[in-house]
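S.K.: So here's work_31.csv, just CSV, C-alpha atoms and all ligand atoms:
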chain,number,residue,atom,x,y,z
B,9,MET,CA,-9.1,0.0,9.6
B,10,LYS,CA,-6.1,-1.5,7.8
B,11,ASP,CA,-6.8,1.1,4.9
B,12,ARG,CA,-6.8,3.9,7.5
B,13,LYS,CA,-3.5,2.7,9.0
B,14,LEU,CA,-1.9,2.4,5.6
B,15,TYR,CA,-3.1,5.9,4.6
B,16,ASP,CA,-1.8,7.4,7.9
B,17,LEU,CA,1.5,5.7,7.3
B,18,ALA,CA,1.7,7.1,3.8
B,19,GLU,CA,1.0,10.6,5.2
B,20,ASP,CA,3.8,10.1,7.7
B,21,ILE,CA,6.2,9.0,5.0
B,22,ARG,CA,5.3,12.1,2.9
B,23,LYS,CA,6.3,14.3,5.8
B,24,CYS,CA,9.4,12.3,6.7
B,25,THR,CA,12.8,14.2,7.0
B,26,SER,CA,14.7,11.4,8.8
B,27,CYS,CA,17.5,11.1,6.2
B,28,PRO,CA,19.2,13.6,3.8
B,29,LEU,CA,17.2,12.3,0.8
B,30,SER,CA,14.3,14.4,2.0
B,31,ARG,CA,16.2,17.5,1.0
B,32,GLY,CA,16.4,16.7,-2.7
B,33,ARG,CA,12.9,15.2,-3.3
B,34,THR,CA,9.9,16.8,-5.0
B,35,LEU,CA,7.5,14.2,-3.5
B,36,ALA,CA,8.1,11.2,-1.3
B,37,VAL,CA,6.7,8.0,-2.8
B,38,PRO,CA,5.1,5.8,-0.1
B,39,GLY,CA,3.8,3.2,-2.5
B,40,GLU,CA,0.3,2.3,-3.7
B,41,GLY,CA,-1.9,-0.6,-4.6
B,42,LYS,CA,-4.2,-3.2,-3.2
B,43,ILE,CA,-4.1,-3.9,0.5
B,44,ASP,CA,-5.3,-7.5,0.7
B,45,SER,CA,-3.9,-9.2,-2.4
B,46,GLY,CA,-1.1,-10.9,-0.4
B,47,ILE,CA,1.5,-9.7,-2.8
B,48,LEU,CA,3.9,-6.9,-2.1
B,49,ILE,CA,6.4,-5.7,-4.8
B,50,VAL,CA,9.6,-3.9,-3.5
B,51,GLY,CA,12.0,-2.0,-5.7
B,52,GLU,CA,14.9,0.1,-4.9
B,53,ALA,CA,14.1,3.8,-4.9
B,54,PRO,CA,12.0,6.3,-6.9
B,55,GLY,CA,13.3,7.8,-10.1
B,56,ALA,CA,12.7,11.2,-11.7
B,57,GLU,CA,9.1,10.5,-12.9
B,58,GLU,CA,8.2,8.9,-9.6
B,59,ASP,CA,9.6,11.8,-7.7
B,60,ARG,CA,7.6,14.2,-9.8
B,61,LEU,CA,4.3,12.3,-9.5
B,62,GLY,CA,4.6,10.7,-6.0
B,63,GLN,CA,3.8,7.3,-7.4
B,64,PRO,CA,6.0,4.2,-7.7
B,65,PHE,CA,7.2,2.7,-11.0
B,66,VAL,CA,5.6,5.2,-13.4
B,67,GLY,CA,8.7,5.9,-15.6
B,68,ARG,CA,10.4,3.6,-18.2
B,69,ALA,CA,11.2,0.9,-15.6
B,70,GLY,CA,7.6,1.1,-14.6
B,71,LYS,CA,6.5,0.4,-18.1
B,72,LEU,CA,8.7,-2.7,-18.3
B,73,LEU,CA,7.4,-3.7,-14.8
B,74,ASN,CA,3.8,-3.5,-16.2
B,75,GLU,CA,4.8,-5.8,-19.1
B,76,LEU,CA,6.4,-8.2,-16.7
B,77,LEU,CA,3.3,-8.2,-14.4
B,78,GLU,CA,1.2,-8.9,-17.5
B,79,THR,CA,3.4,-11.9,-18.4
B,80,ALA,CA,3.1,-13.1,-14.8
B,81,GLY,CA,-0.7,-12.8,-15.0
B,82,ILE,CA,-0.8,-10.1,-12.4
B,83,ASP,CA,-3.1,-7.1,-12.6
B,84,ARG,CA,-1.0,-4.2,-11.4
B,85,SER,CA,-4.0,-2.8,-9.5
B,86,ASP,CA,-4.2,-6.0,-7.5
B,87,VAL,CA,-0.8,-5.7,-5.8
B,88,PHE,CA,0.9,-3.3,-3.6
B,89,ILE,CA,4.1,-1.7,-5.0
B,90,THR,CA,6.7,0.3,-3.0
B,91,ASN,CA,10.5,0.8,-2.8
B,92,CYS,CA,13.2,0.4,-0.1
B,93,VAL,CA,13.7,4.1,0.1
B,94,LYS,CA,10.7,6.4,-0.4
B,95,CYS,CA,12.6,9.5,-1.7
B,96,ARG,CA,14.7,9.8,-4.9
B,97,PRO,CA,18.5,9.7,-4.5
B,98,PRO,CA,20.3,12.4,-6.4
B,99,LYS,CA,21.0,11.5,-10.1
B,100,ASN,CA,19.3,8.1,-9.5
B,101,ARG,CA,22.4,6.8,-7.6
B,102,ASN,CA,21.9,3.8,-5.4
B,103,PRO,CA,20.6,4.6,-1.9
B,104,ASN,CA,23.4,4.3,0.6
B,105,THR,CA,23.5,2.2,3.7
B,106,LEU,CA,22.4,5.1,6.0
B,107,GLU,CA,19.5,5.9,3.8
B,108,LEU,CA,18.4,2.3,3.5
B,109,LYS,CA,18.7,1.8,7.2
B,110,THR,CA,16.9,4.9,8.1
B,111,CYS,CA,14.0,4.3,5.7
B,112,LYS,CA,13.6,0.6,6.7
B,113,LYS,CA,11.2,1.6,9.5
B,114,TRP,CA,8.6,2.6,6.8
B,115,LEU,CA,9.0,-0.6,4.8
B,116,ASP,CA,8.9,-2.7,7.9
B,117,SER,CA,5.7,-1.0,9.0
B,118,GLN,CA,4.1,-1.5,5.5
B,119,ILE,CA,5.1,-5.2,5.6
B,120,ALA,CA,3.6,-5.5,9.2
B,121,LEU,CA,0.3,-4.0,8.0
B,122,LEU,CA,0.0,-5.8,4.6
B,123,LYS,CA,1.2,-9.2,5.9
B,124,PRO,CA,2.1,-10.3,2.3
B,125,LYS,CA,2.1,-14.0,1.5
B,126,LEU,CA,4.7,-13.3,-1.1
B,127,ILE,CA,7.1,-10.4,-1.4
B,128,ILE,CA,8.5,-9.9,-4.9
B,129,ILE,CA,11.9,-8.4,-4.7
B,130,LEU,CA,13.2,-6.3,-7.6
B,131,GLY,CA,16.9,-6.1,-7.7
B,132,ARG,CA,20.1,-6.5,-5.7
B,133,VAL,CA,19.5,-3.5,-3.4
B,134,ALA,CA,16.1,-4.7,-2.3
B,135,LEU,CA,17.3,-8.3,-1.9
B,136,LYS,CA,20.1,-7.2,0.5
B,137,ASN,CA,17.8,-4.8,2.3
B,138,LEU,CA,15.1,-7.3,3.0
B,139,THR,CA,17.0,-10.6,3.3
B,140,GLY,CA,20.7,-9.8,3.8
B,141,LYS,CA,21.4,-11.9,0.8
B,142,GLU,CA,23.5,-10.6,-2.1
B,143,LYS,CA,23.6,-13.2,-4.9
B,144,ILE,CA,20.7,-12.5,-7.0
B,145,LYS,CA,21.9,-14.9,-9.7
B,146,ASP,CA,21.5,-17.8,-7.3
B,147,LEU,CA,18.0,-16.7,-6.1
B,148,HIS,CA,16.1,-15.2,-9.0
B,149,GLY,CA,13.1,-16.9,-10.6
B,150,LYS,CA,12.1,-19.0,-7.7
B,151,VAL,CA,10.5,-18.7,-4.2
B,152,SER,CA,12.9,-18.5,-1.2
B,153,GLU,CA,11.9,-18.4,2.4
B,154,PHE,CA,13.8,-16.4,5.0
B,155,ASP,CA,12.6,-15.9,8.6
B,156,GLY,CA,9.2,-17.3,7.8
B,157,GLN,CA,8.5,-14.9,4.9
B,158,LYS,CA,8.3,-16.1,1.3
B,159,TYR,CA,10.1,-14.1,-1.4
B,160,PHE,CA,10.3,-14.2,-5.2
B,161,VAL,CA,13.5,-12.6,-6.3
B,162,THR,CA,14.2,-11.1,-9.7
B,163,TYR,CA,16.2,-8.4,-11.3
B,164,HIS,CA,15.3,-4.7,-11.2
B,165,PRO,CA,13.5,-3.6,-14.4
B,166,SER,CA,15.9,-0.7,-14.9
B,167,ALA,CA,18.7,-3.3,-15.2
B,168,GLY,CA,16.5,-4.9,-17.9
B,169,LEU,CA,16.4,-1.6,-19.8
B,170,ARG,CA,20.2,-1.5,-19.7
B,171,PHE,CA,21.1,-5.1,-20.5
B,172,LYS,CA,19.3,-7.2,-23.1
B,173,TRP,CA,20.2,-10.5,-21.3
B,174,ILE,CA,18.7,-9.2,-18.0
B,175,LYS,CA,15.5,-8.3,-19.9
B,176,GLU,CA,15.3,-11.9,-21.2
B,177,VAL,CA,15.8,-13.3,-17.7
B,178,LEU,CA,13.2,-10.9,-16.3
B,179,PHE,CA,10.6,-12.3,-18.7
B,180,GLU,CA,11.6,-15.9,-18.0
B,181,ASP,CA,11.3,-15.2,-14.3
B,182,ALA,CA,7.9,-13.6,-14.9
B,183,LYS,CA,6.7,-16.8,-16.6
B,184,ASN,CA,8.0,-18.8,-13.6
B,185,LEU,CA,6.1,-16.5,-11.3
B,186,LYS,CA,2.9,-17.1,-13.1
B,187,LYS,CA,3.3,-20.9,-12.5
B,188,ILE,CA,4.2,-20.3,-8.9
B,189,LEU,CA,1.2,-18.1,-8.3
B,190,ALA,CA,-1.1,-20.7,-9.9
B,191,HIS,CA,0.4,-23.3,-7.6
B,192,LEU,CA,0.1,-21.1,-4.5
B,193,LYS,CA,-3.6,-20.4,-5.4
B,194,ASN,CA,-4.4,-24.1,-5.5
B,195,LYS,CA,-2.8,-24.8,-2.2
B,201,LIG,S1,14.1,8.3,2.1
B,201,LIG,FE1,12.8,7.4,3.7
B,201,LIG,S2,13.9,8.0,5.7
B,201,LIG,FE2,14.7,9.3,4.0
B,201,LIG,S3,13.5,11.1,4.1
B,201,LIG,FE3,12.6,9.8,2.6
B,201,LIG,S4,11.0,8.7,3.7
B,201,LIG,FE4,12.4,9.5,5.3
How would this structure read if it were set down as C-alpha cells?
Ligand code: SF4
M.R.:
Amino acid sequence: MKDRKLYDLAEDIRKCTSCPLSRGRTLAVPGEGKIDSGILIVGEAPGAEEDRLGQPFVGRAGKLLNELLETAGIDRSDVFITNCVKCRPPKNRNPNTLELKTCKKWLDSQIALLKPKLIIILGRVALKNLTGKEKIKDLHGKVSEFDGQKYFVTYHPSAGLRFKWIKEVLFEDAKNLKKILAHLKNK
C-alpha cells in the first residue's frame, strides 16, 4: 500500500509543471530507495546526470555520496534518497525561493509517507528548506531535533568536490553518523 502510494506520488512528480523548472528538465527526479529503512536523505536539486537519467545522486556528487554512505556503514539501497526540488535548475544554479516553496509539497508528501526516523540533510539549501535553520557549521555532524523530527546535518557532497576541507568534514561527519546509527539501533 505504502509502495503503491509512493509510486503514484513519483508518477505525479514526473508530470508536475507547477514551477518554471519543469520547462528546462529532461526528466524529473522524484527520488528512489527503500521505503521502510527509517532513513531519508535529502539533497538540493538534480544535476545534469540526474536530469538525464531521472535518478538522484548519480553524477560526481553521487559517487562521493556513495563513499560517504559506505563510511557511515549505510548500504545505499537501504535508504531513500531525494532532493528538495525534483527538477534540475538551469546551469545547476541554486533553486530559488519560489521553486523550493512550490516543490515542498512533494517532499512533504514523501516525508509523510516514509515517516523517517532520521532525515539526513545534505547542504545549506536543504537545511533551510526543511528546518528554517541556516548555520550548517553549528549543526553538522550531529543529530538535531526540530518539531519532533530528528535530523543529521552535513555538507552537500558537491561542496566536498569543490573544497578539500569540506570533503574532510564530510568524512568526519560520516564516521559520526556511523556511531549515531549504531546507538539508535541499540535503543
Ligand atoms: S521542481 Fe518540483 S514543483 Fe517544480 S516542476 Fe519540478 S516537480 Fe514540479
S.K.: Identify which of the residues B:Cys24, B:Leu108, B:Leu61, B:Ile129 lies closest to ligand LIG 201 (chain B), counting only C-alpha atoms and all ligand atoms when measuring atom-to-atom distances.
M.R.: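 Of the candidates, the smallest distance to ligand LIG 201 (chain B) is held by B:Cys24.
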S.K.: To box segment 162-173 of chain B, take all atoms listed in the file, fit an axis-aligned box, add 6 Å on each side, and give centre and edge lengths in Å to one decimal, as lines of an AutoDock Vina configuration file.
M.R.:
center_x = 17.3
center_y = -5.9
center_z = -16.4
size_x = 19.6
size_y = 22.4
size_z = 25.4
S.K.: Using only C-alpha atoms and all ligand atoms, which of the listed residues (B:Leu77, B:Ala18, B:Cys95, B:Leu130) sits closest to ligand LIG 201 (chain B)?
M.R.: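 Looking at the shortest contact to ligand LIG 201 (chain B), the residue is B:Cys95.
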S.K.: So which one's closest to Arg101 of chain B, B:Leu138, B:Ile144, B:Val133, B:Leu189? Using all atoms listed in the file, please.
M.R.: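 Looking only at the distances to Arg101 of chain B, the closest residue turns out to be B:Val133.
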S.K.: In Å, rounded to a single decimal, give me how far atom CA of Gly70 of chain B is from atom CA of Trp173 of chain B.
M.R.: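 Computing the Euclidean distance for atom CA of Trp173 of chain B and atom CA of Gly70 of chain B yields 18.4 Å.
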S.K.: Hey, which of B:Leu121, B:Ala69, B:Val93, B:Leu126 ends up closest to Arg170 of chain B? Count all atoms listed in the file.
M.R.: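 Among B:Leu121, B:Ala69, B:Val93, B:Leu126, it is B:Ala69 that comes nearest to Arg170 of chain B.
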S.K.: Nearest residue to Gly55 of chain B out of B:Pro97, B:Gly39, B:Gly81, B:Pro28, using only C-alpha atoms?
M.R.: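 Smallest distance to Gly55 of chain B is found for B:Pro97.
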S.K.: Considering only C-alpha atoms and all ligand atoms, give me a table of residues in chain B that are at most 12 Å from ligand LIG 201 (chain B), with the closest atom pair and distance in Å for each, as a tab-separated table.
M.R.:
residue	atom	partner	partner_atom	distance
B:Leu17	CA	B:LIG201	S4	10.6
B:Ala18	CA	B:LIG201	S4	9.4
B:Glu19	CA	B:LIG201	S4	10.3
B:Asp20	CA	B:LIG201	S4	8.4
B:Ile21	CA	B:LIG201	S4	5.0
B:Arg22	CA	B:LIG201	S4	6.7
B:Lys23	CA	B:LIG201	S4	7.6
B:Cys24	CA	B:LIG201	FE4	4.3
B:Thr25	CA	B:LIG201	S3	4.3
B:Ser26	CA	B:LIG201	FE4	4.6
B:Cys27	CA	B:LIG201	FE2	4.0
B:Pro28	CA	B:LIG201	FE2	6.2
B:Leu29	CA	B:LIG201	FE2	5.0
B:Ser30	CA	B:LIG201	S3	4.0
B:Arg31	CA	B:LIG201	S3	7.6
B:Gly32	CA	B:LIG201	S3	9.3
B:Arg33	CA	B:LIG201	FE3	8.0
B:Thr34	CA	B:LIG201	FE3	10.7
B:Leu35	CA	B:LIG201	FE3	9.1
B:Ala36	CA	B:LIG201	FE3	6.1
B:Val37	CA	B:LIG201	S4	7.8
B:Pro38	CA	B:LIG201	S4	7.6
B:Gly39	CA	B:LIG201	S4	11.0
B:Glu52	CA	B:LIG201	S1	10.8
B:Ala53	CA	B:LIG201	S1	8.3
B:Pro54	CA	B:LIG201	S1	9.5
B:Asp59	CA	B:LIG201	FE3	10.9
B:Gly62	CA	B:LIG201	FE3	11.8
B:Thr90	CA	B:LIG201	FE1	11.5
B:Asn91	CA	B:LIG201	FE1	9.5
B:Cys92	CA	B:LIG201	FE1	8.0
B:Val93	CA	B:LIG201	S1	4.7
B:Lys94	CA	B:LIG201	S1	4.6
B:Cys95	CA	B:LIG201	S1	4.3
B:Arg96	CA	B:LIG201	S1	7.2
B:Pro97	CA	B:LIG201	S1	8.1
B:Pro98	CA	B:LIG201	S1	11.3
B:Asn102	CA	B:LIG201	S1	11.7
B:Pro103	CA	B:LIG201	S1	8.5
B:Asn104	CA	B:LIG201	S1	10.2
B:Thr105	CA	B:LIG201	FE2	11.3
B:Leu106	CA	B:LIG201	S2	9.0
B:Glu107	CA	B:LIG201	FE2	5.9
B:Leu108	CA	B:LIG201	S1	7.5
B:Lys109	CA	B:LIG201	S2	8.0
B:Thr110	CA	B:LIG201	S2	4.9
B:Cys111	CA	B:LIG201	S2	3.7
B:Lys112	CA	B:LIG201	S2	7.5
B:Lys113	CA	B:LIG201	S2	7.9
B:Trp114	CA	B:LIG201	FE1	7.1
B:Leu115	CA	B:LIG201	FE1	8.9
B:Asp116	CA	B:LIG201	FE1	11.6
S.K.: Can you find the residues with an atom no farther than 12 Å from (-8.6, -2.5, 9.9), counting all atoms listed in the file, and report them as a list in words?
M.R.: Met9, Lys10, Asp11, Arg12, Lys13, Leu14, Tyr15, Ile43, Asp44, Leu121 and Leu122 of chain B
S.K.: For each of B:Leu135, B:Leu73, B:Lys125, B:Gly41, take the minimum atom-to-atom distance to Ala182 of chain B, counting all atoms listed in the file, then give the residue where this is smallest.
M.R.: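 Looking at the shortest contact to Ala182 of chain B, the residue is B:Leu73.
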S.K.: Using all atoms listed in the file, which residues of segment 29-144 of chain B come within 12 Å of segment 148-159 of chain B, and what is the closest atom pair for each, with the distance in Å to one decimal? Give it as a Markdown table, sorted by chain and residue number.
M.R.:
| residue | atom | partner | partner_atom | distance |
| --- | --- | --- | --- | --- |
| B:Gly46 | CA | B:Lys158 | CA | 10.9 |
| B:Ile47 | CA | B:Tyr159 | CA | 9.8 |
| B:Leu48 | CA | B:Tyr159 | CA | 9.5 |
| B:Ile49 | CA | B:Tyr159 | CA | 9.8 |
| B:Val50 | CA | B:Tyr159 | CA | 10.4 |
| B:Ala80 | CA | B:Gly149 | CA | 11.5 |
| B:Ile119 | CA | B:Gln157 | CA | 10.3 |
| B:Ala120 | CA | B:Gln157 | CA | 11.4 |
| B:Lys123 | CA | B:Gln157 | CA | 9.3 |
| B:Pro124 | CA | B:Gln157 | CA | 8.3 |
| B:Lys125 | CA | B:Lys158 | CA | 6.5 |
| B:Leu126 | CA | B:Lys158 | CA | 5.2 |
| B:Ile127 | CA | B:Tyr159 | CA | 4.8 |
| B:Ile128 | CA | B:Tyr159 | CA | 5.7 |
| B:Ile129 | CA | B:Tyr159 | CA | 6.8 |
| B:Leu130 | CA | B:His148 | CA | 9.5 |
| B:Gly131 | CA | B:His148 | CA | 9.2 |
| B:Arg132 | CA | B:His148 | CA | 10.1 |
| B:Ala134 | CA | B:Tyr159 | CA | 11.2 |
| B:Leu135 | CA | B:Tyr159 | CA | 9.3 |
| B:Leu138 | CA | B:Phe154 | CA | 9.4 |
| B:Thr139 | CA | B:Phe154 | CA | 6.8 |
| B:Gly140 | CA | B:Phe154 | CA | 9.6 |
| B:Lys141 | CA | B:Phe154 | CA | 9.8 |
| B:Glu142 | CA | B:His148 | CA | 11.1 |
| B:Lys143 | CA | B:His148 | CA | 8.8 |
| B:Ile144 | CA | B:His148 | CA | 5.7 |
